[in-house]
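The next block is start_18.cif, given as mmCIF, C-alpha atoms.
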data_final
#
loop_
_atom_site.label_atom_id
_atom_site.label_comp_id
_atom_site.auth_asym_id
_atom_site.auth_seq_id
_atom_site.Cartn_x
_atom_site.Cartn_y
_atom_site.Cartn_z
CA MET A 1 14.28 12.99 -10.25
CA PRO A 2 12.61 13.18 -13.70
CA PHE A 3 8.91 13.93 -13.38
CA GLU A 4 8.05 11.11 -15.80
CA THR A 5 9.78 8.53 -13.61
CA ASP A 6 8.12 9.83 -10.45
CA LEU A 7 4.70 9.87 -12.09
CA ALA A 8 5.09 6.40 -13.60
CA ARG A 9 6.16 4.95 -10.24
CA ALA A 10 3.29 6.68 -8.49
CA LEU A 11 0.68 5.46 -10.95
CA ASP A 12 1.94 1.89 -10.72
CA ARG A 13 2.04 1.77 -6.88
CA THR A 14 -1.36 3.43 -6.55
CA THR A 15 -3.17 0.34 -7.89
CA ASP A 16 -2.07 -1.79 -4.95
CA SER A 17 -4.66 -0.32 -2.59
CA LEU A 18 -7.57 0.49 -4.86
CA GLU A 19 -10.43 -1.61 -6.09
CA PRO A 20 -11.47 -0.21 -9.50
CA ASP A 21 -15.14 -0.48 -8.54
CA LEU A 22 -14.76 1.65 -5.40
CA THR A 23 -16.26 5.11 -5.38
CA THR A 24 -14.42 8.14 -6.65
CA LEU A 25 -14.43 9.58 -3.15
CA LEU A 26 -12.71 6.56 -1.67
CA ARG A 27 -10.03 6.75 -4.34
CA GLY A 28 -9.49 10.38 -3.42
CA ALA A 29 -9.16 9.54 0.26
CA VAL A 30 -6.59 6.87 -0.51
CA GLU A 31 -4.63 9.24 -2.71
CA ARG A 32 -4.52 11.98 -0.10
CA GLY A 33 -3.47 9.58 2.60
CA ARG A 34 -0.72 8.08 0.42
CA SER A 35 0.59 11.26 -1.20
CA ARG A 36 3.88 10.81 0.69
CA ARG A 37 4.23 7.30 -0.72
CA ARG A 38 3.83 8.49 -4.28
CA ARG A 39 6.08 11.54 -3.97
CA ARG A 40 8.97 10.00 -2.10
CA VAL A 41 9.54 6.66 -3.78
CA ALA A 42 11.00 6.72 -7.25
CA GLY A 43 10.37 3.70 -9.44
CA VAL A 44 12.62 2.35 -12.17
CA ILE A 45 9.70 1.46 -14.43
CA ALA A 46 8.45 2.27 -17.89
CA GLY A 47 5.85 4.99 -17.88
CA ALA A 48 3.89 3.52 -20.73
CA GLY A 49 3.28 0.26 -18.89
CA ALA A 50 2.23 1.94 -15.68
CA CYS A 51 -0.06 4.38 -17.42
CA ALA A 52 -1.72 1.56 -19.33
CA VAL A 53 -2.57 -0.18 -16.09
CA ILE A 54 -4.05 2.97 -14.59
CA ALA A 55 -5.91 3.92 -17.73
CA ALA A 56 -7.56 0.51 -17.80
CA ALA A 57 -8.70 0.94 -14.20
CA GLY A 58 -9.78 4.55 -14.72
CA LEU A 59 -7.81 5.81 -11.74
CA VAL A 60 -6.12 8.96 -13.07
CA THR A 61 -7.49 12.01 -11.28
CA PRO A 62 -6.36 15.66 -11.21
CA GLY A 63 -5.63 15.39 -7.49
CA MET A 64 -3.37 12.43 -8.03
CA LEU A 65 -1.34 14.17 -10.69
CA GLY A 66 -1.01 17.29 -8.59
CA SER A 67 0.46 15.38 -5.67
CA HIS A 68 3.59 14.59 -7.66
CA LEU A 69 4.60 18.14 -8.34
CA GLY A 70 5.96 18.81 -4.88
CA GLY A 71 9.67 18.24 -4.47
CA SER A 72 11.79 17.06 -1.54
CA ASP A 73 15.23 17.95 -0.30
CA LYS A 74 15.85 14.36 0.87
CA GLU A 75 17.20 11.50 -1.17
CA MET A 76 14.69 8.99 -2.46
CA THR A 77 14.73 5.22 -2.17
CA PRO A 78 14.11 3.92 -5.70
CA LEU A 79 12.75 0.49 -6.52
CA ALA A 80 14.73 -2.50 -7.70
CA ALA A 81 13.56 -5.52 -9.66
CA PRO A 82 12.51 -8.53 -7.57
CA ARG A 83 14.77 -11.58 -7.46
CA ALA A 84 12.07 -13.82 -8.92
CA ALA A 85 8.69 -13.45 -10.57
CA ILE A 86 5.61 -13.09 -8.37
CA THR A 87 2.24 -13.89 -9.93
CA ASP A 88 -1.10 -12.29 -9.25
CA THR A 89 -2.35 -15.72 -8.15
CA GLN A 90 0.41 -15.96 -5.52
CA MET A 91 -0.48 -12.53 -4.18
CA ILE A 92 -4.20 -13.31 -3.98
CA GLN A 93 -3.60 -16.67 -2.32
CA ALA A 94 -1.29 -15.09 0.26
CA LEU A 95 -3.89 -12.43 1.03
CA GLU A 96 -6.60 -15.07 1.41
CA GLY A 97 -4.27 -17.06 3.67
CA THR A 98 -3.93 -13.99 5.87
CA PHE A 99 -7.59 -14.38 6.87
CA PRO A 100 -8.31 -18.11 7.29
CA GLY A 101 -12.01 -18.82 7.39
CA GLY A 102 -12.94 -15.51 5.79
CA ARG A 103 -15.19 -15.07 2.79
CA PHE A 104 -13.81 -13.08 -0.13
CA SER A 105 -15.15 -11.08 -3.05
CA GLN A 106 -13.89 -8.58 -5.63
CA GLU A 107 -10.44 -10.23 -5.70
CA THR A 108 -7.82 -8.78 -8.03
CA GLY A 109 -4.04 -9.06 -8.29
CA GLN A 110 -1.02 -7.85 -10.24
CA SER A 111 2.13 -9.78 -11.16
CA ILE A 112 5.75 -8.64 -11.41
CA ASP A 113 8.53 -10.29 -13.37
CA PRO A 114 12.20 -9.22 -13.39
CA ALA A 115 12.42 -10.54 -16.96
CA ASN A 116 9.79 -8.02 -18.04
CA PRO A 117 10.26 -4.83 -15.96
CA SER A 118 8.25 -2.74 -18.42
CA ARG A 119 5.10 -4.13 -16.78
CA GLY A 120 6.04 -2.51 -13.48
CA LEU A 121 7.83 -3.41 -10.25
CA VAL A 122 4.85 -3.63 -7.92
CA ALA A 123 2.94 -6.82 -7.12
CA ASN A 124 -0.37 -6.47 -5.36
CA SER A 125 -3.57 -8.19 -4.32
CA GLU A 126 -6.79 -6.78 -2.99
CA LEU A 127 -10.19 -8.06 -1.96
CA VAL A 128 -13.24 -7.41 0.14
CA LEU A 129 -13.19 -9.56 3.27
CA ASP A 130 -16.17 -10.77 5.28
CA ASP A 131 -14.89 -12.31 8.51
CA GLY A 132 -18.16 -12.14 10.38
CA GLN A 133 -17.29 -8.79 11.98
CA GLY A 134 -18.30 -6.63 9.03
CA ALA A 135 -16.98 -6.35 5.49
CA ALA A 136 -13.63 -4.63 4.89
CA PHE A 137 -11.48 -3.73 1.90
CA VAL A 138 -7.94 -5.12 2.30
CA SER A 139 -4.88 -5.02 0.05
CA VAL A 140 -1.18 -5.90 0.16
CA SER A 141 1.50 -4.57 -2.17
CA ALA A 142 5.01 -5.95 -2.57
CA VAL A 143 8.11 -4.10 -3.83
CA ARG A 144 11.86 -4.21 -3.40
CA LEU A 145 13.69 -1.01 -2.45
CA ARG A 146 17.24 -0.37 -3.50
CA LEU A 147 19.93 -0.61 -0.86
CA PRO A 148 21.20 1.23 1.05
CA LEU A 149 17.81 2.39 2.31
CA ARG A 150 17.30 6.14 2.29
CA ASP A 151 14.41 8.36 3.25
CA GLY A 152 11.33 7.18 1.46
CA ASP A 153 8.18 5.13 1.47
CA GLY A 154 7.54 3.34 4.75
CA LEU A 155 10.89 4.39 6.23
CA SER A 156 9.89 7.41 8.30
CA CYS A 157 6.82 9.10 9.80
CA ASP A 158 8.15 12.50 8.69
CA GLN A 159 5.76 14.02 6.17
CA THR A 160 5.43 17.23 4.21
CA PRO A 161 2.85 18.72 4.37
CA PRO A 162 2.13 17.63 7.96
CA ARG A 163 -0.51 15.01 8.65
CA ALA A 164 -4.07 16.18 9.06
CA ALA A 165 -5.64 16.33 12.50
CA GLY A 166 -6.70 12.88 13.63
CA ASP A 167 -4.20 11.03 11.45
CA THR A 168 -1.47 9.12 13.26
CA CYS A 169 1.82 7.39 12.48
CA THR A 170 4.21 5.27 14.55
CA PHE A 171 7.59 3.90 13.55
CA ARG A 172 9.74 1.20 15.12
CA GLU A 173 12.42 -1.38 14.35
CA LEU A 174 12.25 -5.15 14.74
CA PRO A 175 15.46 -6.90 15.81
CA SER A 176 17.13 -9.52 13.69
CA SER A 177 15.75 -13.03 14.16
CA ALA A 178 15.45 -16.35 12.38
CA GLU A 179 12.27 -15.10 10.71
CA ILE A 180 13.66 -11.62 10.01
CA PRO A 181 17.40 -11.83 9.26
CA GLY A 182 18.86 -8.37 9.63
CA GLY A 183 15.75 -6.95 11.25
CA ALA A 184 12.94 -4.84 9.80
CA LEU A 185 11.43 -1.35 9.86
CA VAL A 186 7.73 -1.07 10.71
CA MET A 187 5.54 1.96 10.03
CA SER A 188 1.89 2.00 11.12
CA GLU A 189 -0.52 4.71 9.92
CA ARG A 190 -4.16 5.53 10.60
CA THR A 191 -5.97 7.94 8.29
CA VAL A 192 -9.50 9.33 8.37
CA ALA A 193 -11.55 9.55 5.20
CA LYS A 194 -12.12 13.29 5.29
CA HIS A 195 -15.50 14.83 4.52
CA SER A 196 -16.80 18.16 5.74
CA GLY A 197 -19.69 17.90 8.17
CA ASN A 198 -19.67 14.10 8.42
CA VAL A 199 -18.11 12.47 11.47
CA ASP A 200 -19.26 8.99 10.51
CA ALA A 201 -16.42 8.43 8.04
CA ALA A 202 -14.36 5.33 7.36
CA HIS A 203 -10.74 4.90 8.40
CA ARG A 204 -7.72 3.39 6.68
CA TRP A 205 -4.95 1.52 8.50
CA THR A 206 -1.65 1.10 6.67
CA MET A 207 1.11 -1.24 7.86
CA THR A 208 4.46 -1.11 6.05
CA VAL A 209 7.19 -3.66 6.82
CA THR A 210 10.61 -3.24 5.19
CA MET A 211 13.37 -5.85 5.47
CA LYS A 212 16.61 -4.00 6.25
CA ALA A 213 18.90 -6.64 4.75
CA THR A 214 17.21 -6.97 1.35
CA GLY A 215 14.92 -3.98 0.87
CA ALA A 216 11.88 -6.25 0.45
CA GLN A 217 8.81 -4.31 1.48
CA LEU A 218 5.21 -5.34 2.09
CA GLN A 219 2.45 -2.85 2.72
CA MET A 220 -0.98 -3.86 4.01
CA VAL A 221 -3.92 -1.47 3.75
CA GLN A 222 -7.12 -2.15 5.69
CA TRP A 223 -10.35 -0.15 5.53
CA ASN A 224 -13.26 -0.49 7.94
CA SER A 225 -15.40 0.01 4.83
CA THR A 226 -15.92 -1.52 1.43
CA GLY A 227 -16.23 1.87 -0.25
CA GLY A 228 -19.88 1.25 -1.11
CA GLY A 229 -22.52 3.86 -1.81
CA THR A 230 -23.05 6.14 -4.76
CA ASP A 231 -20.68 8.70 -6.19
CA GLY A 232 -20.21 11.68 -3.90
CA GLU A 233 -20.98 9.80 -0.69
CA VAL A 234 -18.54 9.27 2.15
CA PRO A 235 -17.52 5.61 2.53
CA LYS A 236 -19.50 4.45 5.54
CA PRO A 237 -17.86 2.29 8.23
CA THR A 238 -18.95 -1.32 8.22
CA ARG A 239 -17.05 -2.17 11.40
CA ALA A 240 -15.33 -0.39 14.28
CA ALA A 241 -11.81 -1.76 13.83
CA PRO A 242 -9.69 -3.20 11.02
CA PRO A 243 -9.65 -6.99 10.54
CA LEU A 244 -6.11 -7.17 11.98
CA SER A 245 -4.57 -5.19 14.81
CA GLU A 246 -1.11 -3.66 14.37
CA GLN A 247 0.53 -6.59 16.16
CA GLN A 248 -1.41 -9.15 14.15
CA ALA A 249 -0.61 -7.43 10.85
CA VAL A 250 3.13 -7.37 11.62
CA ALA A 251 3.06 -11.02 12.68
CA VAL A 252 1.32 -12.05 9.46
CA LEU A 253 3.52 -10.02 7.12
CA THR A 254 6.69 -11.40 8.73
CA GLY A 255 5.34 -14.95 9.08
CA ALA A 256 5.01 -18.07 6.96
CA THR A 257 2.12 -16.85 4.79
CA TRP A 258 4.10 -14.03 3.17
CA ALA A 259 7.59 -15.58 3.49
CA PRO A 260 7.58 -16.86 -0.15
CA ILE A 261 6.71 -13.38 -1.43
CA ILE A 262 9.47 -11.77 0.67
CA ALA A 263 11.95 -14.39 -0.57
CA ALA A 264 11.01 -13.72 -4.19
CA LEU A 265 11.41 -9.98 -3.68
CA GLY A 266 14.88 -10.06 -2.16
#

As structure tokens, how would this structure be written, given the file I've shared?
Amino acid sequence: MPFETDLARALDRTTDSLEPDLTTLLRGAVERGRSRRRRRVAGVIAGAGACAVIAAAGLVTPGMLGSHLGGSDKEMTPLAAPRAAITDTQMIQALEGTFPGGRFSQETGQSIDPANPSRGLVANSELVLDDGQGAAFVSVSAVRLRLPLRDGDGLSCDQTPPRAAGDTCTFRELPSSAEIPGGALVMSERTVAKHSGNVDAAHRWTMTVTMKATGAQLQMVQWNSTGGGTDGEVPKPTRAAPPLSEQQAVAVLTGATWAPIIAALG
């Protein structure tokens, strides 16, 4: 895989789970936890467009670039263009609809359009949620993987290098149903925001749902933190658990709220 393509895909997908105003440390924690996602999914996108997005957000870090240099002996699952355009407004509204009754701040989104692939192939929305249980940073990204599905992002808990102590991953399949024709693959991850000597660190929960029949993939990221504090500080937990449990997150991502996004993807 050309390095430029891998890097461009990585830079584009990275924005789906980061709020530009979050601390540098939080960005680093996200990058470490998602290094597999960036290495193992190749994107068919223009590097200039992806880099422009990242440059505007100020998210390029030496650690992020270094994570793309490692190779893999497994085939990748590259991205494909969505079937229809998805706007940033649609993504934000769907994310808000995921948490009825919640209060939202710091909302941002990104559109994708098959007629203009140079702008990238990843739609996303992100916000800080206050549901009365403590504020939390939440995001959802939407992509379409090429078929047939191969080893890649959200399709296996295998990881190189191995996961750090305390990090977990589970993987299962959902059977075909009226809501999920052809069935789906579900990967659930829990990652600790690492910091030497500090046990009171935030956690990140990542839920990835991939439709087997179309390759449409949604990924939800939930932090029990907003990433507040000054530069160099560990993101402090604002709540004990994520806003949604694993079962709730799967139900939402495969339900009516996100059905229009899945349909537009595949």

query: Interatomic distance between atom CA of Gln248 of chain A and atom CA of Ser225 of chain A?
result: 19.1 Å

- line: What separates atom CA of Gly266 of chain A and atom CA of Glu189 of chain A is a distance of 24.5 Å

12 Å contact set for Arg103 of chain A, all atoms listed in the file, chain neighbours under 6 positions out, as a JSON list (two decimals) with C-alpha atoms, in the coordinates of the input:
[["chain", "number", "residue", "atom", "x", "y", "z"],
["A", 95, "LEU", "CA", -3.89, -12.43, 1.03],
["A", 96, "GLU", "CA", -6.60, -15.07, 1.41],
["A", 97, "GLY", "CA", -4.27, -17.06, 3.67],
["A", 127, "LEU", "CA", -10.19, -8.06, -1.96],
["A", 128, "VAL", "CA", -13.24, -7.41, 0.14],
["A", 129, "LEU", "CA", -13.19, -9.56, 3.27],
["A", 130, "ASP", "CA", -16.17, -10.77, 5.28],
["A", 131, "ASP", "CA", -14.89, -12.31, 8.51],
["A", 132, "GLY", "CA", -18.16, -12.14, 10.38],
["A", 133, "GLN", "CA", -17.29, -8.79, 11.98],
["A", 134, "GLY", "CA", -18.30, -6.63, 9.03],
["A", 135, "ALA", "CA", -16.98, -6.35, 5.49],
["A", 136, "ALA", "CA", -13.63, -4.63, 4.89],
["A", 137, "PHE", "CA", -11.48, -3.73, 1.90]]

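Nearest-residue note for Phe104 of chain A: choosing from A:Met187, A:Met211, A:Leu121, A:Thr226, the minimum distance belongs to A:Thr226, counting only C-alpha atoms.
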
message: Once the PyMOL selection byres ((chain A and resi 203) around 6) has been evaluated on this model, what residues remain selected, and can you format them as JSON, numbers by chain?
response: {"A": [191, 192, 193, 202, 204, 223, 224]}

- prompt: Smallest atom-to-atom distance to Leu265 of chain A: which of A:Val209, A:Val122, A:Cys157, A:Ala216, using all atoms listed in the file?
  reply: A:Ala216

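The space separating atom CA of Ala259 of chain A from atom CA of Thr89 of chain A comes to 15.3 Å.
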
Check which residues satisfy the PyMOL selection byres ((chain A and resi 125) around 7) in the file shown, then give them as a compact mmCIF listing (two decimals) with C-alpha atoms, in the coordinates of the input.
# COMPACT_ATOMS: atom_id res chain seq x y z
CA ASP A 16 -2.07 -1.79 -4.95
CA ASP A 88 -1.10 -12.29 -9.25
CA MET A 91 -0.48 -12.53 -4.18
CA ILE A 92 -4.20 -13.31 -3.98
CA LEU A 95 -3.89 -12.43 1.03
CA THR A 108 -7.82 -8.78 -8.03
CA GLY A 109 -4.04 -9.06 -8.29
CA GLN A 110 -1.02 -7.85 -10.24
CA ASN A 124 -0.37 -6.47 -5.36
CA GLU A 126 -6.79 -6.78 -2.99
CA SER A 139 -4.88 -5.02 0.05
CA VAL A 140 -1.18 -5.90 0.16
CA SER A 141 1.50 -4.57 -2.17

field: Pick from A:Val138, A:Ala115, A:Ala251, A:Leu149, whichever lies nearest to Pro78 of chain A using only C-alpha atoms
entry: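 Ranked by minimum distance to Pro78 of chain A, first place goes to A:Leu149.
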
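Once the PyMOL selection byres ((chain A and resi 167) around 8) is applied to the shown structure, the selection contains A:Arg163, A:Ala164, A:Ala165, A:Gly166, A:Thr168, A:Cys169, A:Glu189, A:Arg190, A:Thr191, A:Val192.
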
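Residue nearest Thr214 of chain A within the list A:Asp200, A:Ile112, A:Ile262, A:Ser105: A:Ile262 [criterion: smallest interatomic distance, all atoms listed in the file].
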
Among listed residues A:Pro114, A:Pro162, A:Pro82, A:Gly182, nearest Ile261 of chain A (using all atoms listed in the file):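 Of A:Pro114, A:Pro162, A:Pro82, A:Gly182, the one nearest Ile261 of chain A, counting all atoms listed in the file, is A:Pro82.
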
- prompt: Which residue gives the smallest distance to Ala264 of chain A among A:Ala81, A:Val221, A:Ala241, A:Ile180, with only C-alpha atoms counted?
  reply: A:Ala81
